[in-house]
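First the structure, in the form of structure tokens, and then the observations on it.
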Amino acid sequence: MKIRDTATAIPRHRFPIEPWRLVETEPSAEKIGLGESLFANANGYIGMRANPSEGRNAYAHGTYLNGFHETWPIKHAEDAFAFAKTGQTIVNVPDAKLLKLYVDDEPFLLDDADLDHYERAIDFRTGISYRELVWRTPGGKRVRVRSERMVSLEHRHLAVMRLDVTLLDGSAPIVISSQLLNRQDGEDEYHVTDAALGEGLDPRSARKFDHRVLEPRLQRHEDADDLAGGEVTLGYRCTHSGMTMACAYRHEIDTPCTYAVETSVDHDLGKSVFAIEARAGETVRLTKYVAYHSSRGIPAQELADRCHRTLTRARSVGVAQLYAEQQGWLDGFWAHSDIEVVGDPAAQQAIRWNLFQLAQASARTHEQGIAAKAVTGGGYDGHYFWDTEVYVLPFLAYTNPDAARKLLRFRHRMLGAARERAIQLSQRGALYPWRTINGEEASAYYAAGTAQYHINAAVMYALETYTNATADTDFFANEGAEMLVETARLYEDLGFYDINGAEHFHIHGVTGPDEYTTVVNDNLYTNVMARFTMRYAASCVASLRDRDPHAFANLVRRTGVTDDELGAWHRACDAMYLPYDDDLGIHPQDACFLERERWDFDGTPADKYPLLLHFHPLVIYRHQVLKQADVVLAMFLRGEHFPTDQKRRNFDYYDPMTTGDSSLSACVQSIVASEVGHHDLAFDYFEQSLYLDLADTHGNTADGVHIANAGGVWAALVRGFAGLSDTGDHLRFTPRLPNAWSSMTISLQRHGSDIVVSVDADGATVTVTSGTPVPVEIAGTLTLVDVGDSVRIDRAVG
């Protein structure tokens, strides 16, 4: 895998190292979109890109609501039966971030401004972003301007913005134009050249619509004596999906200066203009409360009423209390999630930035999924993939189990559509969509989409991880077992037994995680994960039958599962074919992988990566070249089936041919490199993952943060360097601290207990700080660690 520039690619004169903030000390016209993503505010439902309050010159003016999307017909040049029919794309909802500033009727425009001071930051402890600057106006006046923005982690539908303006010398008329603007239909969302995206169409970017998306349904202005400018509400309905939304704002103004306000509303713009006779040294503070509500079809009028109630409650509480609640939520988050490293301040800042992204992605999903870019951008059309289950949910299972449970309930709600999709593909059971928002398959390219049947196993891996971490038998009995039966049922129906020689169970015509090799026979990852799913299903359903007959009877009623099926799943697992080459001593990625020509890495210039943007798929498919870890990922997720020497041989074979063109690869490479003793390489891969967004190493962070990679950072630290594994009955640690660090301290939750793991050069100390005793395996012996007690584990050998 090629090593990319990471920490050294971050210009530290602009982005200094701080442990609890991401800070920018000077503006730049380069990579505007990168800053919009890195400094974005979100809570899992609302996402606001870090566009400037004045609203000019952006890569993507963006505000997104999780799950709020438009649909459109997928047009195949050559259609075929059961191809995906309906595309889904997240909608850029009306922008409430606008607070345009004029002094002496001169607009403040960051690109052209004469600045004496500038700082932009987002604080991981408060969840508030701000920009503070001193502007010399064309007329020579100095003006201090501070803008703050918060998307509430406590209140799902609420955001708060604040603008402070202080004339430092002289008096002047000030105008603040606060707006709510429908950009989706008023202008192109993306302002970017082809050169910025690379040659040709980048499939990772958001789709542009060719029709009006948001149909106006409501415009409302309610005036009141105690509201500066009144309350403004806009309501819409998506043209094709039928989804509805409403957004509203109201203000508070605090100033000793004389002011007047005028408000106007039309279909696509609500605007309140504050005209202030400002005096030197006297601050004008304008606070803007904003509410968003959306629905699959509830009338916009009702959503507008919900916005009104949200704003009324927020204003009655006040900004100070809302800020305190935000910090209180984050205090709880960091108590269960923080990872502290000693000896590497840059890594410490980057670790916390990644963990903060996970907080912003998951806090208020309320049984929606987490998209590939969360709600920080429109990349990948706002679709949910397997990323959530394999990379994000494990973090939540051990830090915020309630949020993990909600994500699994989201998948359970999709089970009906998954059953229908399986029928369309002539299969029994259920097949989850490769990419989706509403539960329908939205991947137009089946070879790298629908053929990835391993999506089912990803959901079941998440179920196993959650159950091991929480012991939540209630969820398993009521929802988890039903998903497990239907996904196992599909795999047993998908495969077949060969008719010659020993009994082998094969799965043909599938694509594994590596999208540079598609529609193959016996993809090792798929077979390993299908075997896991069927074995897990057979075991868990039998256990449910024995310990909870009532729950088992309900499962039988919902699924029709039989004892014969459990036996069939065990038989398929016992006979599962796993490709193996005796000469090389490795597992081929699929049945024919070793027959392909090796990619010419020496002859491929650096500017030809990622390969998917520079080579026809057929050119890539006929070579041994990987977009991301495939066999190596199987060894991470089901490591108990691969001895260390086998892991090492597999890793050493595939590592040189893995491009890392996927953001999901480096973190997995790091974990397995740690396990096989390649410790320096493990740290190199970890840094690739850690700085992937901050250094924009994949060149598309402008379209949103890679949220699954953020989960991968956590996994590399906890599963890789601390060596955590969980059997469901007990924990095991094989610590391997990187040489560059003095120590690492991890906070976890398991079965309701709080655990602190302190890793140093010689091993690790595991302390249970609250809850109930935790079983930990040490050198093959099980030790029950009581609350307040610690155990010591020696460093892993090798």
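All residue names refer to the structure tokens as shown: chains lettered A, B, ... in order, residues numbered from 1 in each chain, ligands numbered from 1 in order.
All residues in stretch 459-548 of chain A with a DSSP state of strand (DSSP E), computed from the backbone, read Phe496, Tyr497, Phe505 and His506 of chain A.
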Using the selection just defined, write its residues with N, CA, C and O atoms as a PDB file, in the first residue's frame.
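Printed below is result_25.pdb as written:
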ATOM      1  N   PHE A 496     -24.196 -23.210  -2.830  1.00  0.00           N
ATOM      2  CA  PHE A 496     -24.542 -24.541  -3.336  1.00  0.00           C
ATOM      3  C   PHE A 496     -23.417 -25.507  -2.988  1.00  0.00           C
ATOM      4  O   PHE A 496     -22.288 -25.101  -2.680  1.00  0.00           O
ATOM      5  N   TYR A 497     -23.720 -26.793  -3.041  1.00  0.00           N
ATOM      6  CA  TYR A 497     -22.737 -27.831  -2.773  1.00  0.00           C
ATOM      7  C   TYR A 497     -22.202 -28.369  -4.090  1.00  0.00           C
ATOM      8  O   TYR A 497     -22.967 -28.611  -5.028  1.00  0.00           O
ATOM      9  N   PHE A 505     -19.220 -26.209   0.218  1.00  0.00           N
ATOM     10  CA  PHE A 505     -20.293 -25.235   0.009  1.00  0.00           C
ATOM     11  C   PHE A 505     -19.675 -23.996  -0.632  1.00  0.00           C
ATOM     12  O   PHE A 505     -18.739 -23.397  -0.082  1.00  0.00           O
ATOM     13  N   HIS A 506     -20.165 -23.624  -1.791  1.00  0.00           N
ATOM     14  CA  HIS A 506     -19.603 -22.509  -2.556  1.00  0.00           C
ATOM     15  C   HIS A 506     -20.614 -21.360  -2.643  1.00  0.00           C
ATOM     16  O   HIS A 506     -21.825 -21.581  -2.665  1.00  0.00           O
TER      17      HIS A 506
END
Item to check | Residue contacts of A:Asp514 (8 Å, only C-alpha atoms) excluding same-chain residues fewer than 6 positions away, as a PyMOL selection string | outcome: chain A and resi 626-630
Restricting the output to all heavy atoms, write the selected residues as a JSON list (two decimals), in the first residue's frame.
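Result file again10.json:
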[["chain", "number", "residue", "atom", "x", "y", "z"],
["A", 626, "LEU", "N", -5.80, -4.19, -5.28],
["A", 626, "LEU", "CA", -6.88, -4.04, -4.31],
["A", 626, "LEU", "C", -7.15, -2.57, -4.05],
["A", 626, "LEU", "O", -6.23, -1.77, -3.89],
["A", 626, "LEU", "CB", -6.51, -4.72, -2.99],
["A", 626, "LEU", "CG", -6.72, -6.23, -2.87],
["A", 626, "LEU", "CD1", -5.80, -6.99, -3.81],
["A", 626, "LEU", "CD2", -6.47, -6.68, -1.43],
["A", 627, "LYS", "N", -8.43, -2.25, -3.99],
["A", 627, "LYS", "CA", -8.84, -0.92, -3.54],
["A", 627, "LYS", "C", -8.69, -0.81, -2.03],
["A", 627, "LYS", "O", -8.34, 0.24, -1.49],
["A", 627, "LYS", "CB", -10.29, -0.66, -3.95],
["A", 627, "LYS", "CG", -10.82, 0.72, -3.58],
["A", 627, "LYS", "CD", -12.28, 0.88, -3.98],
["A", 627, "LYS", "CE", -12.81, 2.26, -3.59],
["A", 627, "LYS", "NZ", -14.27, 2.38, -3.82],
["A", 628, "GLN", "N", -8.99, -1.91, -1.35],
["A", 628, "GLN", "CA", -8.96, -1.89, 0.11],
["A", 628, "GLN", "C", -8.77, -3.31, 0.63],
["A", 628, "GLN", "O", -8.84, -4.28, -0.10],
["A", 628, "GLN", "CB", -10.27, -1.33, 0.67],
["A", 628, "GLN", "CG", -11.49, -2.18, 0.37],
["A", 628, "GLN", "CD", -12.78, -1.41, 0.54],
["A", 628, "GLN", "OE1", -13.19, -0.70, -0.36],
["A", 628, "GLN", "NE2", -13.41, -1.55, 1.68],
["A", 629, "ALA", "N", -8.54, -3.39, 1.95],
["A", 629, "ALA", "CA", -8.34, -4.68, 2.59],
["A", 629, "ALA", "C", -9.56, -5.58, 2.37],
["A", 629, "ALA", "O", -10.70, -5.15, 2.54],
["A", 629, "ALA", "CB", -8.10, -4.48, 4.08],
["A", 630, "ASP", "N", -9.32, -6.84, 2.02],
["A", 630, "ASP", "CA", -10.39, -7.80, 1.77],
["A", 630, "ASP", "C", -10.12, -9.06, 2.61],
["A", 630, "ASP", "O", -10.76, -9.27, 3.65],
["A", 630, "ASP", "CB", -10.45, -8.11, 0.28],
["A", 630, "ASP", "CG", -11.74, -8.78, -0.14],
["A", 630, "ASP", "OD1", -11.97, -9.91, 0.30],
["A", 630, "ASP", "OD2", -12.52, -8.19, -0.93]]
Item to check | One-decimal distance in Å that lies between atom CA of A:Arg279 and atom CA of A:Ser147 | outcome: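 Separation between atom CA of A:Ser147 and atom CA of A:Arg279: 19.3 Å.
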Item to check | Spatial neighbours of A:Arg309, max dist 12 Å, only C-alpha atoms, sep filter under 4 positions, as a list of chain:residue names | outcome: A:His157, A:Leu158, A:Glu231, A:Cys247, A:Ala248, A:Tyr249, A:Arg250, A:Tyr289, A:Val290, A:Ala291, A:Tyr292, A:His293, A:Glu302, A:Leu303, A:Ala304, A:Asp305, A:Arg313, A:Ala314, A:Arg315, A:Ser316
Checklist entry - Which residues, written as a ChimeraX atom specification, have at least one atom at most 9 Å from stretch 651-658 of chain A, with only C-alpha atoms counted and residues fewer than 5 positions away on the same chain left out? => result /A:1-2,584,586,598-599,601,624-632,646,665,669,672-673,676
Checklist entry - Which residues come within 7 Å of stretch 519-536 of chain A, counting only C-alpha atoms, excluding same-chain residues fewer than 2 positions away, as a PyMOL selection string? => result chain A and resi 447+451+454+457+460+488+491+506-512+538-540+569-570+573+576+578-579+589-591+630-631+634
Next on the checklist: List the spatial neighbours of A:Asp583 as a list in words - criterion: any atom at most 12 Å away, only C-alpha atoms, same-chain residues fewer than 5 positions off excluded.
Outcome noted: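 Counting only C-alpha atoms, the residues come to Pro588, Leu594 and Arg649 of chain A.
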How would the residues just picked look written out with C-alpha atoms as a PDB file, in the first residue's frame?
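Saved result, result.pdb, follows:
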ATOM      1  CA  PRO A 588      -6.481 -16.296  -2.434  1.00  0.00           C
ATOM      2  CA  LEU A 594      -4.053 -15.742  -8.416  1.00  0.00           C
ATOM      3  CA  ARG A 649       1.590 -14.738   5.251  1.00  0.00           C
TER       4      ARG A 649
END
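Take atom CA of A:Val317 and atom CA of A:Lys271: the distance between them is 24.5 Å.
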Checklist entry - With distances taken over only C-alpha atoms, which of A:Ala537, A:Leu407, A:Pro735, A:Ala397 is nearest to A:Ile370? => result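 Nearest candidate to A:Ile370 out of A:Ala537, A:Leu407, A:Pro735, A:Ala397: A:Leu407.
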Item to check | Proximity to A:Leu782 - best of A:Lys31, A:Arg732, A:Lys75, A:His412, only C-alpha atoms | outcome: A:Arg732
Item to check | helix (DSSP H, G or I) positions in stretch 295-333 of chain A, given as a PyMOL selection string | outcome: chain A and resi 300-317+319-333
Checklist entry - In Å, with one decimal, what is the gap from atom CA of A:Tyr461 to atom CA of A:Arg435? => result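 A separation of 17.7 Å between them.
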Next on the checklist: When you count only C-alpha atoms, which of these residues is closest to A:Val342: A:Met744, A:Ala50, A:Val776, A:Ala710?
Outcome noted: A:Met744
Item to check | Distance criterion (only C-alpha atoms): nearest to A:Leu393 out of A:His267, A:His706, A:Arg750, A:Arg405 | outcome: A:Arg405
Can you check which parts of stretch 398-431 of chain A lie within 12 Å of stretch 347-362 of chain A? Per residue, the shortest pair of atoms and distance in Å to one decimal, counting only C-alpha atoms, sorted by chain and number, as JSON lines.
{"residue": "A:Thr399", "atom": "CA", "partner": "A:Ala359", "partner_atom": "CA", "distance": 10.2}
{"residue": "A:Asn400", "atom": "CA", "partner": "A:Ser362", "partner_atom": "CA", "distance": 9.2}
{"residue": "A:Pro401", "atom": "CA", "partner": "A:Ser362", "partner_atom": "CA", "distance": 11.0}
{"residue": "A:Asp402", "atom": "CA", "partner": "A:Ser362", "partner_atom": "CA", "distance": 10.2}
{"residue": "A:Ala403", "atom": "CA", "partner": "A:Ser362", "partner_atom": "CA", "distance": 6.6}
{"residue": "A:Ala404", "atom": "CA", "partner": "A:Ser362", "partner_atom": "CA", "distance": 8.7}
{"residue": "A:Arg405", "atom": "CA", "partner": "A:Ser362", "partner_atom": "CA", "distance": 11.3}
{"residue": "A:Lys406", "atom": "CA", "partner": "A:Ser362", "partner_atom": "CA", "distance": 9.6}
{"residue": "A:Leu407", "atom": "CA", "partner": "A:Ser362", "partner_atom": "CA", "distance": 9.0}
